[in-house]
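Shown below: start00.pdb, with PDB, C-alpha atoms, pLDDT in the B column.
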```
ATOM      1  CA  MET A1310     -56.624  -5.728  61.269  1.00 92.00           C
ATOM      2  CA  ILE A1311     -56.796  -8.378  58.562  1.00 97.00           C
ATOM      3  CA  ARG A1312     -60.390  -9.411  57.882  1.00 97.00           C
ATOM      4  CA  SER A1313     -60.861  -9.855  54.120  1.00 98.00           C
ATOM      5  CA  VAL A1314     -59.000 -12.457  52.059  1.00 98.00           C
ATOM      6  CA  VAL A1315     -58.300 -13.265  48.417  1.00 98.00           C
ATOM      7  CA  ILE A1316     -56.720 -16.634  47.713  1.00 98.00           C
ATOM      8  CA  ILE A1317     -54.530 -16.769  44.640  1.00 98.00           C
ATOM      9  CA  GLY A1318     -54.202 -20.273  43.241  1.00 97.00           C
ATOM     10  CA  SER A1319     -56.483 -23.236  42.723  1.00 96.00           C
ATOM     11  CA  GLY A1320     -54.440 -26.244  43.814  1.00 93.00           C
ATOM     12  CA  ASN A1321     -54.766 -28.462  46.860  1.00 92.00           C
ATOM     13  CA  LEU A1322     -53.566 -25.876  49.371  1.00 93.00           C
ATOM     14  CA  ALA A1323     -55.687 -23.126  47.827  1.00 95.00           C
ATOM     15  CA  GLU A1324     -58.726 -25.409  48.143  1.00 95.00           C
ATOM     16  CA  ALA A1325     -58.023 -26.190  51.806  1.00 94.00           C
ATOM     17  CA  LEU A1326     -57.371 -22.523  52.593  1.00 96.00           C
ATOM     18  CA  ALA A1327     -60.529 -21.405  50.809  1.00 96.00           C
ATOM     19  CA  ARG A1328     -62.611 -23.864  52.810  1.00 94.00           C
ATOM     20  CA  ALA A1329     -60.955 -22.856  56.083  1.00 95.00           C
ATOM     21  CA  VAL A1330     -61.376 -19.125  55.480  1.00 98.00           C
ATOM     22  CA  ALA A1331     -64.989 -19.599  54.372  1.00 97.00           C
ATOM     23  CA  ASP A1332     -65.738 -21.465  57.610  1.00 95.00           C
ATOM     24  CA  SER A1333     -64.028 -18.850  59.799  1.00 96.00           C
ATOM     25  CA  PRO A1334     -65.094 -15.376  60.948  1.00 96.00           C
ATOM     26  CA  LEU A1335     -62.964 -13.961  58.108  1.00 98.00           C
ATOM     27  CA  GLU A1336     -64.404 -12.765  54.787  1.00 98.00           C
ATOM     28  CA  LEU A1337     -63.286 -14.705  51.719  1.00 98.00           C
ATOM     29  CA  ARG A1338     -63.757 -12.259  48.858  1.00 98.00           C
ATOM     30  CA  GLN A1339     -62.434 -14.309  45.954  1.00 98.00           C
ATOM     31  CA  VAL A1340     -60.460 -17.262  44.671  1.00 98.00           C
ATOM     32  CA  PHE A1341     -58.250 -16.174  41.796  1.00 98.00           C
ATOM     33  CA  GLY A1342     -56.248 -18.348  39.403  1.00 97.00           C
ATOM     34  CA  ARG A1343     -55.445 -19.275  35.811  1.00 94.00           C
ATOM     35  CA  ASN A1344     -57.361 -22.545  35.484  1.00 96.00           C
ATOM     36  CA  ARG A1345     -60.979 -21.461  34.927  1.00 97.00           C
ATOM     37  CA  ASP A1346     -62.552 -24.844  35.754  1.00 97.00           C
ATOM     38  CA  ARG A1347     -60.486 -25.459  38.861  1.00 96.00           C
ATOM     39  CA  VAL A1348     -60.995 -21.871  40.122  1.00 98.00           C
ATOM     40  CA  ALA A1349     -64.750 -22.299  39.676  1.00 98.00           C
ATOM     41  CA  ALA A1350     -64.685 -25.608  41.576  1.00 96.00           C
ATOM     42  CA  VAL A1351     -62.658 -24.229  44.502  1.00 96.00           C
ATOM     43  CA  ALA A1352     -64.777 -21.065  44.662  1.00 98.00           C
ATOM     44  CA  ALA A1353     -67.959 -23.154  44.723  1.00 97.00           C
ATOM     45  CA  LEU A1354     -66.625 -25.273  47.602  1.00 94.00           C
ATOM     46  CA  ALA A1355     -65.889 -22.070  49.527  1.00 96.00           C
ATOM     47  CA  ARG A1356     -69.117 -20.308  48.550  1.00 96.00           C
ATOM     48  CA  THR A1357     -67.346 -17.326  46.997  1.00 98.00           C
ATOM     49  CA  GLU A1358     -66.518 -15.763  43.650  1.00 97.00           C
ATOM     50  CA  GLY A1359     -63.969 -17.313  41.327  1.00 98.00           C
ATOM     51  CA  GLN A1360     -61.998 -15.112  38.952  1.00 98.00           C
ATOM     52  CA  THR A1361     -59.351 -15.600  36.254  1.00 97.00           C
ATOM     53  CA  ASP A1362     -59.133 -12.035  34.913  1.00 97.00           C
ATOM     54  CA  PRO A1363     -56.410  -9.985  36.684  1.00 96.00           C
ATOM     55  CA  ALA A1364     -58.335  -6.788  35.903  1.00 96.00           C
ATOM     56  CA  ARG A1365     -61.164  -8.128  38.119  1.00 97.00           C
ATOM     57  CA  LEU A1366     -59.024  -9.087  41.105  1.00 98.00           C
ATOM     58  CA  ALA A1367     -60.976  -8.188  44.249  1.00 98.00           C
ATOM     59  CA  TRP A1368     -59.597  -5.834  46.877  1.00 98.00           C
ATOM     60  CA  ALA A1369     -58.715  -7.473  50.213  1.00 98.00           C
ATOM     61  CA  ASP A1370     -56.708  -6.903  53.381  1.00 98.00           C
ATOM     62  CA  ILE A1371     -54.555  -9.939  52.549  1.00 98.00           C
ATOM     63  CA  TYR A1372     -53.708 -11.883  49.397  1.00 98.00           C
ATOM     64  CA  LEU A1373     -52.602 -15.458  50.084  1.00 98.00           C
ATOM     65  CA  ILE A1374     -50.522 -16.688  47.154  1.00 98.00           C
ATOM     66  CA  ALA A1375     -50.941 -20.477  47.140  1.00 97.00           C
ATOM     67  CA  VAL A1376     -49.130 -21.459  43.961  1.00 96.00           C
ATOM     68  CA  SER A1377     -46.107 -23.650  43.252  1.00 92.00           C
ATOM     69  CA  ASP A1378     -42.863 -22.524  44.880  1.00 90.00           C
ATOM     70  CA  ALA A1379     -41.371 -21.746  41.466  1.00 93.00           C
ATOM     71  CA  ALA A1380     -44.284 -19.472  40.515  1.00 95.00           C
ATOM     72  CA  VAL A1381     -44.528 -17.319  43.675  1.00 96.00           C
ATOM     73  CA  GLU A1382     -42.350 -14.437  42.507  1.00 94.00           C
ATOM     74  CA  GLU A1383     -43.793 -14.261  38.991  1.00 95.00           C
ATOM     75  CA  VAL A1384     -47.408 -14.428  40.146  1.00 96.00           C
ATOM     76  CA  ALA A1385     -46.917 -11.765  42.824  1.00 95.00           C
ATOM     77  CA  ALA A1386     -45.196  -9.437  40.367  1.00 94.00           C
ATOM     78  CA  SER A1387     -47.905  -9.854  37.727  1.00 95.00           C
ATOM     79  CA  LEU A1388     -50.982  -8.956  39.761  1.00 94.00           C
ATOM     80  CA  PRO A1389     -52.479  -5.496  40.326  1.00 95.00           C
ATOM     81  CA  ILE A1390     -52.426  -5.644  44.129  1.00 96.00           C
ATOM     82  CA  ASP A1391     -52.580  -2.420  46.129  1.00 95.00           C
ATOM     83  CA  SER A1392     -49.357  -1.789  48.053  1.00 93.00           C
ATOM     84  CA  ALA A1393     -51.349  -1.208  51.267  1.00 96.00           C
ATOM     85  CA  ALA A1394     -52.491  -4.841  51.346  1.00 97.00           C
ATOM     86  CA  VAL A1395     -50.644  -7.713  52.974  1.00 98.00           C
ATOM     87  CA  VAL A1396     -49.212 -10.063  50.347  1.00 98.00           C
ATOM     88  CA  ALA A1397     -48.213 -13.460  51.707  1.00 98.00           C
ATOM     89  CA  HIS A1398     -47.034 -16.596  49.989  1.00 96.00           C
ATOM     90  CA  THR A1399     -47.584 -20.085  51.378  1.00 94.00           C
ATOM     91  CA  ALA A1400     -44.360 -21.773  50.253  1.00 90.00           C
ATOM     92  CA  GLY A1401     -42.111 -23.480  52.775  1.00 82.00           C
ATOM     93  CA  SER A1402     -38.903 -23.164  50.801  1.00 83.00           C
ATOM     94  CA  VAL A1403     -39.283 -19.646  49.383  1.00 92.00           C
ATOM     95  CA  PRO A1404     -37.893 -16.660  51.312  1.00 92.00           C
ATOM     96  CA  VAL A1405     -40.136 -13.733  52.176  1.00 95.00           C
ATOM     97  CA  ASP A1406     -37.933 -11.488  50.024  1.00 93.00           C
ATOM     98  CA  ALA A1407     -39.016 -13.395  46.904  1.00 93.00           C
ATOM     99  CA  LEU A1408     -42.106 -11.190  46.991  1.00 96.00           C
ATOM    100  CA  PRO A1409     -41.565  -7.873  45.188  1.00 96.00           C
ATOM    101  CA  ALA A1410     -40.341  -4.949  47.306  1.00 95.00           C
ATOM    102  CA  ARG A1411     -43.289  -2.888  46.012  1.00 95.00           C
ATOM    103  CA  PHE A1412     -45.251  -4.743  48.707  1.00 97.00           C
ATOM    104  CA  PRO A1413     -43.991  -3.306  52.002  1.00 96.00           C
ATOM    105  CA  ARG A1414     -46.440  -5.588  53.860  1.00 97.00           C
ATOM    106  CA  ARG A1415     -45.086  -8.855  52.463  1.00 97.00           C
ATOM    107  CA  ALA A1416     -45.105 -12.030  54.477  1.00 97.00           C
ATOM    108  CA  VAL A1417     -45.105 -15.804  54.568  1.00 95.00           C
ATOM    109  CA  PHE A1418     -48.085 -17.841  55.760  1.00 96.00           C
ATOM    110  CA  TYR A1419     -46.919 -21.474  55.629  1.00 90.00           C
ATOM    111  CA  PRO A1420     -49.297 -24.233  56.756  1.00 93.00           C
ATOM    112  CA  PHE A1421     -47.077 -27.189  57.696  1.00 79.00           C
ATOM    113  CA  GLN A1422     -49.200 -29.945  56.152  1.00 77.00           C
ATOM    114  CA  THR A1423     -49.555 -32.002  52.994  1.00 70.00           C
ATOM    115  CA  PHE A1424     -52.875 -31.328  51.279  1.00 64.00           C
ATOM    116  CA  THR A1425     -54.903 -33.659  49.085  1.00 67.00           C
ATOM    117  CA  LYS A1426     -57.475 -32.540  46.529  1.00 74.00           C
ATOM    118  CA  GLY A1427     -61.030 -33.018  47.757  1.00 70.00           C
ATOM    119  CA  ARG A1428     -60.028 -33.971  51.297  1.00 75.00           C
ATOM    120  CA  SER A1429     -61.384 -31.837  54.124  1.00 79.00           C
ATOM    121  CA  VAL A1430     -58.953 -30.959  56.888  1.00 84.00           C
ATOM    122  CA  ASP A1431     -59.362 -29.387  60.299  1.00 89.00           C
ATOM    123  CA  PHE A1432     -57.259 -26.290  59.730  1.00 87.00           C
ATOM    124  CA  SER A1433     -57.301 -25.488  63.449  1.00 91.00           C
ATOM    125  CA  GLN A1434     -54.987 -28.500  63.942  1.00 91.00           C
ATOM    126  CA  ILE A1435     -52.440 -27.448  61.302  1.00 91.00           C
ATOM    127  CA  PRO A1436     -49.384 -25.507  62.509  1.00 92.00           C
ATOM    128  CA  ILE A1437     -48.855 -22.274  60.604  1.00 94.00           C
ATOM    129  CA  LEU A1438     -45.387 -20.768  60.335  1.00 93.00           C
ATOM    130  CA  ILE A1439     -45.334 -17.033  59.680  1.00 96.00           C
ATOM    131  CA  GLU A1440     -42.691 -14.511  58.722  1.00 95.00           C
ATOM    132  CA  THR A1441     -42.957 -10.827  57.914  1.00 96.00           C
ATOM    133  CA  ALA A1442     -40.629  -8.458  56.088  1.00 94.00           C
ATOM    134  CA  ALA A1443     -41.730  -5.605  58.365  1.00 94.00           C
ATOM    135  CA  PRO A1444     -41.572  -6.237  62.132  1.00 94.00           C
ATOM    136  CA  ASP A1445     -44.691  -4.143  62.792  1.00 95.00           C
ATOM    137  CA  LEU A1446     -46.764  -6.562  60.664  1.00 97.00           C
ATOM    138  CA  ARG A1447     -45.940  -9.621  62.776  1.00 97.00           C
ATOM    139  CA  GLY A1448     -48.677  -9.165  65.409  1.00 97.00           C
ATOM    140  CA  GLU A1449     -51.324  -8.468  62.788  1.00 97.00           C
ATOM    141  CA  LEU A1450     -50.388 -11.547  60.739  1.00 98.00           C
ATOM    142  CA  GLU A1451     -50.275 -13.704  63.850  1.00 97.00           C
ATOM    143  CA  ALA A1452     -53.775 -12.547  64.892  1.00 98.00           C
ATOM    144  CA  PHE A1453     -55.008 -13.357  61.377  1.00 98.00           C
ATOM    145  CA  ALA A1454     -53.415 -16.821  61.420  1.00 98.00           C
ATOM    146  CA  ARG A1455     -54.989 -17.559  64.819  1.00 97.00           C
ATOM    147  CA  GLN A1456     -58.403 -17.153  63.184  1.00 97.00           C
ATOM    148  CA  LEU A1457     -57.567 -20.379  61.309  1.00 97.00           C
ATOM    149  CA  SER A1458     -55.154 -22.367  63.502  1.00 96.00           C
ATOM    150  CA  ARG A1459     -54.453 -22.905  67.185  1.00 96.00           C
ATOM    151  CA  THR A1460     -50.711 -23.224  66.522  1.00 94.00           C
ATOM    152  CA  VAL A1461     -48.995 -20.210  64.993  1.00 96.00           C
ATOM    153  CA  LEU A1462     -45.206 -19.948  65.157  1.00 90.00           C
ATOM    154  CA  TYR A1463     -42.733 -17.395  63.871  1.00 90.00           C
ATOM    155  CA  ALA A1464     -40.031 -18.889  61.636  1.00 83.00           C
ATOM    156  CA  ASP A1465     -37.590 -16.956  59.494  1.00 80.00           C
ATOM    157  CA  SER A1466     -36.859 -18.146  55.962  1.00 76.00           C
ATOM    158  CA  ALA A1467     -33.863 -20.290  56.970  1.00 73.00           C
ATOM    159  CA  LEU A1468     -35.708 -22.113  59.769  1.00 64.00           C
ATOM    160  CA  ARG A1469     -38.836 -22.536  57.650  1.00 68.00           C
ATOM    161  CA  GLY A1470     -36.723 -24.034  54.855  1.00 69.00           C
ATOM    162  CA  ARG A1471     -35.307 -26.632  57.264  1.00 65.00           C
ATOM    163  CA  VAL A1472     -38.758 -27.454  58.643  1.00 59.00           C
ATOM    164  CA  HIS A1473     -40.087 -27.786  55.092  1.00 55.00           C
ATOM    165  CA  LEU A1474     -37.254 -30.126  54.115  1.00 62.00           C
ATOM    166  CA  ALA A1475     -37.889 -32.266  57.204  1.00 62.00           C
ATOM    167  CA  GLY A1476     -41.567 -32.460  56.259  1.00 60.00           C
ATOM    168  CA  VAL A1477     -40.731 -33.483  52.699  1.00 62.00           C
ATOM    169  CA  PHE A1478     -38.556 -36.304  54.001  1.00 58.00           C
ATOM    170  CA  ALA A1479     -41.075 -37.395  56.641  1.00 62.00           C
ATOM    171  CA  CYS A1480     -44.050 -37.452  54.271  1.00 64.00           C
ATOM    172  CA  ASN A1481     -43.028 -37.624  50.632  1.00 63.00           C
ATOM    173  CA  PHE A1482     -39.936 -39.785  51.059  1.00 61.00           C
ATOM    174  CA  ALA A1483     -41.820 -42.363  53.133  1.00 56.00           C
ATOM    175  CA  ASN A1484     -44.727 -42.347  50.687  1.00 55.00           C
ATOM    176  CA  HIS A1485     -42.334 -42.886  47.790  1.00 53.00           C
ATOM    177  CA  PHE A1486     -41.149 -46.155  49.323  1.00 58.00           C
TER     178      PHE A1486
END
```

Using structure tokens, write down the structure from this file.
Amino acid sequence: MIRSVVIIGSGNLAEALARAVADSPLELRQVFGRNRDRVAAVAALARTEGQTDPARLAWADIYLIAVSDAAVEEVAASLPIDSAAVVAHTAGSVPVDALPARFPRRAVFYPFQTFTKGRSVDFSQIPILIETAAPDLRGELEAFARQLSRTVLYADSALRGRVHLAGVFACNFANHF
């Protein structure tokens, strides 16, 4: 059962996730990232520890990697995460196999929402698309996701990529004009 969480990243999604986890029955152990000031700010909002030193990365049941799509693979590969933990990225357009194979419990935890710095959201209203590399992890990840959202759907990498692209067009394209 997934109970303890470390959020890796300090951007808009990491902030929203940290707040949601902190306000749930789950245990947020740490917010980890490169930007010391931003990590401290997000950790303070979520009433948890902030950390920038990889040697001091907290142990958790799940590590949610909330970084840019381009950085997912590099960040996951660089951190000293125990192979028994679940390692999940939050990117809509990145396949689950982008996470290193040394993590047998790798997954995707994709909240289908645009996030804005400093804006509170009701995470229970945000659909979460999940995918797991190992079929036996699916139920566990779904139960975890349901601690945060009422709508949890399974979507493989191809379907999630199409949903992500549709969201980009619906939100970003319209905002651009």

Kindly assemble as a tab-separated table a list of the range 1428-1459 of chain A residues that lie within 8 Å of range 1323-1345 of chain A, each paired with its nearest atom pair and their distance in Å to one decimal, using all atoms listed in the file, sorted first by chain and then by ascending residue number.
```
residue	atom	partner	partner_atom	distance
A:Ser1429	CA	A:Ala1325	CA	7.0
A:Val1430	CA	A:Ala1325	CA	7.0
A:Asp1431	CA	A:Ala1329	CA	7.9
A:Phe1432	CA	A:Ala1329	CA	6.2
A:Gln1456	CA	A:Ser1333	CA	6.8
A:Leu1457	CA	A:Ala1329	CA	6.7
```

What gap, in Å, lies between CA of Asp1362 in chain A and CA of Arg1347 in chain A?
->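 Between these atoms lies a distance of 14.1 Å.
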
Distance of CA of Leu1366 in chain A from CA of Phe1453 in chain A, expressed in Å to one decimal place = 21.1 Å

Could you state which residues are captured by the PyMOL selection byres ((chain A and resi 1449) around 12) in this file, as a list in words?
->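 That expression, the PyMOL selection byres ((chain A and resi 1449) around 12), corresponds here to Met1310, Ile1311, Arg1312, Asp1370, Ile1371, Val1395, Arg1414, Ala1416, Ile1439, Glu1440, Thr1441, Ala1443, Pro1444, Asp1445, Leu1446, Arg1447, Gly1448, Leu1450, Glu1451, Ala1452, Phe1453, Ala1454, Arg1455 and Gln1456 of chain A.
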
Distance CA of Leu1373 in chain A-CA of Val1461 in chain A, one decimal place?
-> 16.1 Å

Across A:Ala1369, A:Ile1316, A:Ala1386, A:Ala1375, the smallest distance to Ala1355 in chain A, with all atoms listed in the file counted, is shown by A:Ile1316

Evaluate the PyMOL selection byres ((chain A and resi 1462) around 7) and report residues as an MDAnalysis selection string = chainID A and resid 1437:1439 1460:1461 1463:1464

Determine, counting only C-alpha atoms, which protein, DNA and RNA residues have an atom within 10 Å of an atom of range 1377-1385 of chain A; residues of the same chain fewer than 6 positions away are not included. Present the result as JSON, numbers by chain.
-> {"A": [1317, 1318, 1320, 1322, 1342, 1396, 1397, 1398, 1399, 1400, 1401, 1402, 1403, 1405, 1406, 1407, 1408, 1409, 1412]}

Out of A:Ala1393, A:Val1376, A:Ala1467, A:Val1417, which residue has the shortest atom-to-atom distance to Ser1319 in chain A when counting all atoms listed in the file?
->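 Checking each of A:Ala1393, A:Val1376, A:Ala1467, A:Val1417 against Ser1319 in chain A, counting all atoms listed in the file, the winner is A:Val1376.
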
Taking only C-alpha atoms into account, which of A:Gln1434, A:Thr1357, A:Ser1458, A:Ser1466 comes nearest Val1314 in chain A?
->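 Once distances to Val1314 in chain A are computed over only C-alpha atoms, the minimum belongs to A:Thr1357.
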
Among the residues A:Asp1465, A:Arg1415, A:Gln1422, A:Ser1392, the one that comes closest to Ile1374 in chain A [using only C-alpha atoms] |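 Comparing A:Asp1465, A:Arg1415, A:Gln1422, A:Ser1392 against Ile1374 in chain A, the winner is A:Arg1415.
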